[in-house]
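S.K.: Quick one: this structure, given as structure tokens, is what I'll be asking you about.
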Amino acid sequence: MIPLITRRSSTRSLPRVSVGRCGAIFANCSSVNQNSPIGSSLTRKKSQAHPPSQTYGSGAYDDSWGSAHLSSAVANINVGGFIATPALGPAGTTIANDTAAALLAARGVTSGAQTDYGWAVQAGVKLNLPMIASGDGIYLQAAYAEGAMNYTGFTFFTGSYASNLTPIQGASVQQFVSDAVVNPITGKLELSTSFTVVSSFLHYWTPEWRSAFYGSYGALNYKRGTRETFSMLNGLVGNSAPPNAFANPVAFGLSPVLRDTDQVIAGVSLIWSPVRDLDIGIEGTYIGTSVQSGRVPDATYPILVNGLPFVTANRHDAGQIRMRIQCDF
């Protein structure tokens with residue numbers, strides 16, 4: 001999702017533009033190192049104990065005008081087995097796995113019901129612009145996924161090592177980034193959807209000086225009704241689920257759990273390459289993260305009044321500037 005100018009083979013050749021977790025804009029998505037399974041349930045952090053099986057495909061076309069690329073991926077999603085952790089019964093008591101399995105089986109929920117397949121597709125095009133300056137080009141890319149948001153790059157800043165976190169430390173808005181949620185009524189997985197679009201322009205001021213200008217938009221959405229259904233578990237798992245949507249609709253409406261979110265990112269860089277394989281530069285980036293509707297508790301002011309947040313927020317804006325010195329040997 002975030003294009004950053006990376007290494008060049010010389011001061012005149014086009015650099016690669018990386019977008020999110022999928023590396024180079026025209027790289028095969030199989031180069032992505034997804035070291036955490038994308039099938040963790042909402043109440044569990046993603047772990048490396050059960051790596052997902054994945055299938056990739058890609059195709060590319062190069063011509064004098066530029067390049068085009070299309071890639072796709074399919075990944076298995078599961079919760080680490082039929083029941084990954086002991087099930088919870090009334091008043092927080094624990095139900096044995098075999099007992100819980102029997103209860104689910106009575107409703108027609110079998111082991112395979114907690115396994116699903118996520119997929120993603122990504123398309124990109126690079127247009128050479130030699131009429132502006134030698135080496136100039138514009139890059140356009142879009143990605144869409146169901147149950148596989150790592151491939152869209154939506155969690156590039158937020159991260160994907162946990163089910164809920166903030167885009168930066170100290171942010172006021174939390175993001176819940178689960179690829180799948182277990183429906184407590186059916187016992188089946190419900191997949192989230194995500195997409196990103198990005199555009200970037202690379203310009204050479206001189207053979208040694210270049211800049212990149214980029215912007216992107218991404219969104220994450222959960223299946224309609226997922227929050228309401230999952231909220232019925234609040235009495236068993238606490239704040240890992242939203243407050244009950246039917247018993248406490250006001251608190252449910254303010255809960256950050258499983259909220260649809262979007263993110264806008266824009267930036268610019270200035271890089272100097274005095275010699276081959278040496279880059280010295282500065283990069284500035286803006287990150288705007290928001291819930292798509294309503295408000296959520298401000299994570300920086302965790303104050304409650306009558307059980308409701310005293311301070312709320314609907315977006316968080318941040319910026320970063322970094323210096324970079326990079327040399328390849």
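Labeling convention for the structure tokens: chains A, B, ... as they appear, residues from 1 per chain, ligands from 1 in order of appearance.
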Can you pull out every residue within 12 Å of Gln169 of chain A, counting only C-alpha atoms, but drop anything in the same chain fewer than 6 positions away, and send it as a PyMOL selection string?
M.R.: chain A and resi 157-159+299-300+316+318
S.K.: Got time to write the residues from that selection, all heavy atoms, as a compact mmCIF listing (two decimals), in the first residue's frame?
M.R.:
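So out-v1.txt came out as:
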```
# COMPACT_ATOMS: atom_id res chain seq x y z
N PHE A 157 1.16 -0.36 7.79
CA PHE A 157 1.56 0.43 8.95
C PHE A 157 1.06 -0.18 10.26
O PHE A 157 1.77 -0.22 11.24
CB PHE A 157 1.04 1.87 8.81
CG PHE A 157 2.03 2.80 8.19
CD1 PHE A 157 1.91 3.16 6.86
CD2 PHE A 157 3.08 3.33 8.92
CE1 PHE A 157 2.83 4.02 6.27
CE2 PHE A 157 4.00 4.19 8.35
CZ PHE A 157 3.87 4.54 7.01
N THR A 158 -0.19 -0.62 10.26
CA THR A 158 -0.78 -1.12 11.50
C THR A 158 -0.11 -2.41 11.95
O THR A 158 0.07 -2.65 13.15
CB THR A 158 -2.28 -1.35 11.30
OG1 THR A 158 -2.86 -0.15 10.82
CG2 THR A 158 -2.95 -1.74 12.60
N GLY A 159 0.26 -3.26 11.02
CA GLY A 159 0.86 -4.55 11.35
C GLY A 159 -0.20 -5.63 11.38
O GLY A 159 -1.40 -5.37 11.41
N ALA A 299 -8.40 5.99 22.39
CA ALA A 299 -7.50 5.08 23.09
C ALA A 299 -6.50 5.81 23.98
O ALA A 299 -5.91 5.21 24.88
CB ALA A 299 -6.77 4.20 22.09
N THR A 300 -6.30 7.11 23.75
CA THR A 300 -5.34 7.87 24.56
C THR A 300 -5.99 8.43 25.82
O THR A 300 -5.28 8.94 26.70
CB THR A 300 -4.74 9.02 23.73
OG1 THR A 300 -5.79 9.90 23.31
CG2 THR A 300 -4.02 8.47 22.51
N HIS A 316 -7.54 9.25 13.26
CA HIS A 316 -6.25 9.67 13.81
C HIS A 316 -5.33 10.01 12.64
O HIS A 316 -5.18 9.22 11.70
CB HIS A 316 -5.61 8.57 14.65
CG HIS A 316 -4.32 8.98 15.28
ND1 HIS A 316 -4.25 9.68 16.46
CD2 HIS A 316 -3.02 8.83 14.87
CE1 HIS A 316 -2.99 9.93 16.77
NE2 HIS A 316 -2.23 9.43 15.82
N ALA A 318 -1.46 11.20 11.44
CA ALA A 318 -0.07 11.15 11.89
C ALA A 318 0.86 11.38 10.70
O ALA A 318 0.45 11.23 9.53
CB ALA A 318 0.24 9.81 12.55
```
S.K.: Quick one: residues within 7 Å of Tyr144 of chain A, only C-alpha atoms counted, chain neighbours fewer than 6 positions away excluded, as number ranges by chain?
M.R.: A: 120-122, 152, 194-196
S.K.: List as a ChimeraX atom specification the protein and nucleic acid residues near segment 219-236 of chain A, meaning an atom at most 8 Å away when only C-alpha atoms are counted, but skip any in the same chain fewer than 2 places from it.
M.R.: /A:88-92,154,177,181-185,190-196,217,238-245,252,257-263
S.K.: For the selection just defined, write its residues with N, CA, C and O atoms to a file, as a tab-separated table (two decimals), in the first residue's frame.
M.R.:
```
chain	number	residue	atom	x	y	z
A	88	LEU	N	-15.74	-21.80	26.22
A	88	LEU	CA	-16.26	-21.20	27.44
A	88	LEU	C	-17.73	-21.53	27.62
A	88	LEU	O	-18.51	-21.46	26.67
A	89	GLY	N	-18.09	-21.88	28.83
A	89	GLY	CA	-19.48	-22.16	29.16
A	89	GLY	C	-20.06	-21.06	30.00
A	89	GLY	O	-19.47	-19.98	30.14
A	90	PRO	N	-21.21	-21.28	30.61
A	90	PRO	CA	-21.84	-20.26	31.45
A	90	PRO	C	-20.94	-19.82	32.60
A	90	PRO	O	-20.20	-20.62	33.17
A	91	ALA	N	-20.98	-18.52	32.90
A	91	ALA	CA	-20.23	-17.94	34.02
A	91	ALA	C	-18.73	-18.18	33.89
A	91	ALA	O	-18.01	-18.28	34.89
A	92	GLY	N	-18.24	-18.29	32.66
A	92	GLY	CA	-16.81	-18.43	32.44
A	92	GLY	C	-16.27	-19.82	32.68
A	92	GLY	O	-15.05	-20.02	32.67
A	154	PHE	N	-3.05	-3.55	3.33
A	154	PHE	CA	-3.82	-2.66	4.19
A	154	PHE	C	-3.19	-2.53	5.57
A	154	PHE	O	-3.30	-1.49	6.22
A	177	VAL	N	-8.07	-6.11	12.85
A	177	VAL	CA	-7.63	-6.55	11.53
A	177	VAL	C	-7.66	-8.08	11.41
A	177	VAL	O	-6.70	-8.70	10.97
A	181	VAL	N	-13.67	-14.24	11.39
A	181	VAL	CA	-14.29	-14.24	12.72
A	181	VAL	C	-15.21	-15.45	12.81
A	181	VAL	O	-15.94	-15.75	11.86
A	182	VAL	N	-15.17	-16.15	13.93
A	182	VAL	CA	-16.04	-17.30	14.13
A	182	VAL	C	-17.43	-16.82	14.54
A	182	VAL	O	-17.58	-16.12	15.53
A	183	ASN	N	-18.43	-17.20	13.76
A	183	ASN	CA	-19.81	-16.87	14.09
A	183	ASN	C	-20.24	-17.77	15.25
A	183	ASN	O	-20.26	-19.00	15.11
A	184	PRO	N	-20.60	-17.21	16.41
A	184	PRO	CA	-20.92	-18.05	17.57
A	184	PRO	C	-22.22	-18.83	17.41
A	184	PRO	O	-22.45	-19.78	18.16
A	185	ILE	N	-23.06	-18.46	16.44
A	185	ILE	CA	-24.31	-19.18	16.23
A	185	ILE	C	-24.10	-20.37	15.30
A	185	ILE	O	-24.53	-21.49	15.59
A	190	GLU	N	-16.49	-16.31	9.15
A	190	GLU	CA	-16.96	-15.24	8.28
A	190	GLU	C	-15.76	-14.38	7.91
A	190	GLU	O	-15.07	-13.86	8.79
A	191	LEU	N	-15.48	-14.25	6.64
A	191	LEU	CA	-14.27	-13.58	6.15
A	191	LEU	C	-14.47	-12.08	6.03
A	191	LEU	O	-15.54	-11.61	5.65
A	192	SER	N	-13.44	-11.34	6.35
A	192	SER	CA	-13.44	-9.89	6.11
A	192	SER	C	-12.98	-9.62	4.68
A	192	SER	O	-12.40	-10.47	4.02
A	193	THR	N	-13.25	-8.43	4.19
A	193	THR	CA	-12.81	-8.02	2.87
A	193	THR	C	-11.96	-6.75	2.99
A	193	THR	O	-12.19	-5.93	3.88
A	194	SER	N	-11.01	-6.61	2.12
A	194	SER	CA	-10.16	-5.42	2.12
A	194	SER	C	-9.74	-5.11	0.69
A	194	SER	O	-9.67	-5.99	-0.16
A	195	PHE	N	-9.46	-3.83	0.44
A	195	PHE	CA	-8.93	-3.44	-0.86
A	195	PHE	C	-8.05	-2.22	-0.69
A	195	PHE	O	-8.20	-1.44	0.27
A	196	THR	N	-7.14	-2.03	-1.61
A	196	THR	CA	-6.28	-0.85	-1.63
A	196	THR	C	-6.07	-0.41	-3.07
A	196	THR	O	-6.06	-1.23	-4.00
A	217	TYR	N	-5.27	4.64	-0.90
A	217	TYR	CA	-6.47	4.52	-0.07
A	217	TYR	C	-6.77	3.04	0.11
A	217	TYR	O	-6.67	2.25	-0.85
A	238	GLY	N	-15.81	-11.01	27.56
A	238	GLY	CA	-15.53	-9.63	27.94
A	238	GLY	C	-15.31	-8.73	26.75
A	238	GLY	O	-15.97	-8.86	25.72
A	239	ASN	N	-14.33	-7.83	26.88
A	239	ASN	CA	-14.10	-6.80	25.85
A	239	ASN	C	-13.51	-7.32	24.56
A	239	ASN	O	-13.30	-6.56	23.63
A	240	SER	N	-13.21	-8.64	24.50
A	240	SER	CA	-12.77	-9.20	23.22
A	240	SER	C	-13.90	-9.17	22.21
A	240	SER	O	-13.68	-9.29	21.00
A	241	ALA	N	-15.12	-9.04	22.70
A	241	ALA	CA	-16.30	-8.89	21.84
A	241	ALA	C	-16.97	-7.57	22.17
A	241	ALA	O	-16.82	-7.04	23.28
A	242	PRO	N	-17.72	-7.00	21.23
A	242	PRO	CA	-18.43	-5.75	21.54
A	242	PRO	C	-19.49	-5.99	22.61
A	242	PRO	O	-19.95	-7.12	22.79
A	243	PRO	N	-19.92	-4.95	23.33
A	243	PRO	CA	-21.06	-5.09	24.22
A	243	PRO	C	-22.27	-5.60	23.44
A	243	PRO	O	-22.41	-5.34	22.24
A	244	ASN	N	-23.13	-6.34	24.11
A	244	ASN	CA	-24.27	-6.96	23.45
A	244	ASN	C	-25.09	-5.92	22.68
A	244	ASN	O	-25.57	-4.94	23.25
A	245	ALA	N	-25.25	-6.15	21.39
A	245	ALA	CA	-25.92	-5.18	20.54
A	245	ALA	C	-27.39	-5.03	20.88
A	245	ALA	O	-27.99	-3.99	20.60
A	252	PHE	N	-22.57	-0.73	22.35
A	252	PHE	CA	-22.22	-1.48	21.14
A	252	PHE	C	-21.85	-0.53	20.01
A	252	PHE	O	-20.87	-0.75	19.28
A	257	VAL	N	-14.49	-2.73	18.47
A	257	VAL	CA	-14.29	-4.11	18.04
A	257	VAL	C	-15.00	-4.36	16.71
A	257	VAL	O	-16.19	-4.09	16.55
A	258	LEU	N	-14.23	-4.86	15.74
A	258	LEU	CA	-14.73	-5.24	14.42
A	258	LEU	C	-15.39	-4.08	13.68
A	258	LEU	O	-16.32	-4.29	12.89
A	259	ARG	N	-14.89	-2.88	13.88
A	259	ARG	CA	-15.41	-1.74	13.13
A	259	ARG	C	-14.77	-1.69	11.74
A	259	ARG	O	-13.58	-1.97	11.58
A	260	ASP	N	-15.54	-1.30	10.76
A	260	ASP	CA	-15.00	-1.07	9.42
A	260	ASP	C	-14.12	0.18	9.46
A	260	ASP	O	-14.52	1.22	10.00
A	261	THR	N	-12.93	0.09	8.91
A	261	THR	CA	-12.00	1.22	8.94
A	261	THR	C	-11.42	1.46	7.55
A	261	THR	O	-11.46	0.59	6.67
A	262	ASP	N	-10.91	2.67	7.36
A	262	ASP	CA	-10.19	2.96	6.13
A	262	ASP	C	-8.94	3.77	6.46
A	262	ASP	O	-8.76	4.25	7.57
A	263	GLN	N	-8.07	3.88	5.47
A	263	GLN	CA	-6.78	4.53	5.70
A	263	GLN	C	-6.32	5.23	4.43
A	263	GLN	O	-6.41	4.68	3.32
```
S.K.: Could you pull the residues within 7 Å of Val198 of chain A, counting only C-alpha atoms, minus those fewer than 3 positions along the same chain, as a ChimeraX atom specification?
M.R.: /A:1,140-142,215-217
S.K.: May I have all residues of segment 83-316 of chain A that DSSP, computed from the backbone, assigns to alpha helix (DSSP H), given as a list in words?
M.R.: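 Filtering segment 83-316 of chain A down to alpha helix (DSSP H) leaves Asn97, Asp98, Thr99, Ala100, Ala101, Ala102, Leu103, Leu104, Ala105, Ala106, Thr226, Arg227, Glu228, Thr229, Phe230, Asn234, Gly235, Leu236, Val237, Pro249, Val250, Ala251, Phe252, Gly253 and Leu254 of chain A.
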S.K.: For the selection just defined, write its residues with N, CA, C and O atoms to a file, as a short mmCIF file (atom, residue, chain, number, x, y, z; two decimals), in the first residue's frame.
M.R.:
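Once everything was written out, this is selection22.cif:
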```cif
data_model
loop_
_atom_site.label_atom_id
_atom_site.label_comp_id
_atom_site.auth_asym_id
_atom_site.auth_seq_id
_atom_site.Cartn_x
_atom_site.Cartn_y
_atom_site.Cartn_z
N ASN A 97 -13.10 -30.05 25.17
CA ASN A 97 -13.13 -29.99 23.72
C ASN A 97 -14.11 -30.99 23.11
O ASN A 97 -14.85 -30.67 22.18
N ASP A 98 -14.13 -32.24 23.64
CA ASP A 98 -15.02 -33.24 23.07
C ASP A 98 -16.48 -32.90 23.33
O ASP A 98 -17.36 -33.13 22.49
N THR A 99 -16.76 -32.29 24.50
CA THR A 99 -18.13 -31.88 24.80
C THR A 99 -18.56 -30.74 23.88
O THR A 99 -19.67 -30.75 23.33
N ALA A 100 -17.67 -29.76 23.69
CA ALA A 100 -17.97 -28.65 22.80
C ALA A 100 -18.16 -29.14 21.37
O ALA A 100 -19.04 -28.67 20.64
N ALA A 101 -17.33 -30.10 20.95
CA ALA A 101 -17.45 -30.66 19.61
C ALA A 101 -18.80 -31.32 19.42
O ALA A 101 -19.44 -31.19 18.37
N ALA A 102 -19.26 -32.03 20.46
CA ALA A 102 -20.56 -32.70 20.38
C ALA A 102 -21.69 -31.68 20.29
O ALA A 102 -22.66 -31.87 19.54
N LEU A 103 -21.57 -30.59 21.06
CA LEU A 103 -22.60 -29.54 21.02
C LEU A 103 -22.67 -28.90 19.64
O LEU A 103 -23.76 -28.63 19.11
N LEU A 104 -21.50 -28.64 19.05
CA LEU A 104 -21.48 -28.04 17.72
C LEU A 104 -21.99 -29.02 16.67
O LEU A 104 -22.72 -28.64 15.75
N ALA A 105 -21.61 -30.29 16.81
CA ALA A 105 -22.04 -31.30 15.85
C ALA A 105 -23.55 -31.45 15.86
O ALA A 105 -24.18 -31.71 14.82
N ALA A 106 -24.17 -31.25 17.03
CA ALA A 106 -25.62 -31.34 17.13
C ALA A 106 -26.29 -30.25 16.30
O ALA A 106 -27.46 -30.38 15.93
N THR A 226 -21.90 -9.39 11.37
CA THR A 226 -20.85 -10.08 12.12
C THR A 226 -20.68 -9.49 13.51
O THR A 226 -20.59 -10.22 14.50
N ARG A 227 -20.64 -8.16 13.62
CA ARG A 227 -20.47 -7.51 14.93
C ARG A 227 -21.63 -7.85 15.86
O ARG A 227 -21.44 -8.15 17.04
N GLU A 228 -22.85 -7.76 15.34
CA GLU A 228 -24.01 -8.01 16.16
C GLU A 228 -24.00 -9.44 16.71
O GLU A 228 -24.27 -9.67 17.90
N THR A 229 -23.69 -10.40 15.83
CA THR A 229 -23.67 -11.79 16.27
C THR A 229 -22.56 -12.04 17.27
O THR A 229 -22.76 -12.68 18.31
N PHE A 230 -21.39 -11.49 16.99
CA PHE A 230 -20.25 -11.72 17.88
C PHE A 230 -20.45 -11.04 19.23
O PHE A 230 -19.90 -11.48 20.24
N ASN A 234 -20.11 -11.31 24.54
CA ASN A 234 -19.50 -10.36 25.47
C ASN A 234 -19.55 -10.84 26.91
O ASN A 234 -18.60 -10.65 27.68
N GLY A 235 -20.63 -11.48 27.31
CA GLY A 235 -20.75 -11.96 28.69
C GLY A 235 -19.78 -13.07 29.01
O GLY A 235 -19.50 -13.33 30.19
N LEU A 236 -19.22 -13.73 27.97
CA LEU A 236 -18.29 -14.83 28.19
C LEU A 236 -16.84 -14.41 28.03
O LEU A 236 -15.98 -14.86 28.78
N VAL A 237 -16.55 -13.57 27.04
CA VAL A 237 -15.16 -13.23 26.74
C VAL A 237 -14.84 -11.77 27.04
O VAL A 237 -13.73 -11.32 26.79
N PRO A 249 -27.28 -1.32 23.24
CA PRO A 249 -26.99 -0.81 21.90
C PRO A 249 -26.12 0.44 21.87
O PRO A 249 -25.36 0.64 20.91
N VAL A 250 -26.17 1.29 22.90
CA VAL A 250 -25.34 2.50 22.91
C VAL A 250 -23.87 2.13 23.02
O VAL A 250 -23.03 2.61 22.25
N ALA A 251 -23.54 1.28 24.00
CA ALA A 251 -22.15 0.85 24.16
C ALA A 251 -21.69 0.06 22.94
O ALA A 251 -20.53 0.18 22.51
N PHE A 252 -22.57 -0.73 22.35
CA PHE A 252 -22.22 -1.48 21.14
C PHE A 252 -21.85 -0.53 20.01
O PHE A 252 -20.87 -0.75 19.28
N GLY A 253 -22.61 0.55 19.87
CA GLY A 253 -22.34 1.50 18.80
C GLY A 253 -21.03 2.23 18.95
O GLY A 253 -20.47 2.71 17.96
N LEU A 254 -20.50 2.31 20.18
CA LEU A 254 -19.24 3.01 20.41
C LEU A 254 -18.04 2.06 20.48
O LEU A 254 -16.90 2.52 20.51
#
```
S.K.: Just checking: using only C-alpha atoms, which residue out of A:Val125, A:Ile138, A:Ile282, A:Val74 ends up closest to Leu202 of chain A?
M.R.: A:Ile138
S.K.: Do you have the atom CA of Glu283 of chain A-atom CA of Leu127 of chain A distance handy?
M.R.: 23.1 Å
S.K.: For Phe213 of chain A, which residue among A:Gly137, A:Gly170, A:Gly288, A:Pro297 is the nearest when counting only C-alpha atoms?
M.R.: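 Selected residue with least distance to Phe213 of chain A: A:Gly137.
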S.K.: From the list A:Ala123, A:Val197, A:Met323, A:Leu308, which residue is nearest Ser58 of chain A when using only C-alpha atoms?
M.R.: A:Ala123
S.K.: I'd like the interatomic distance between atom CA of Gln292 of chain A and atom CA of Asn314 of chain A, to a tenth of an Å.
M.R.: 8.1 Å
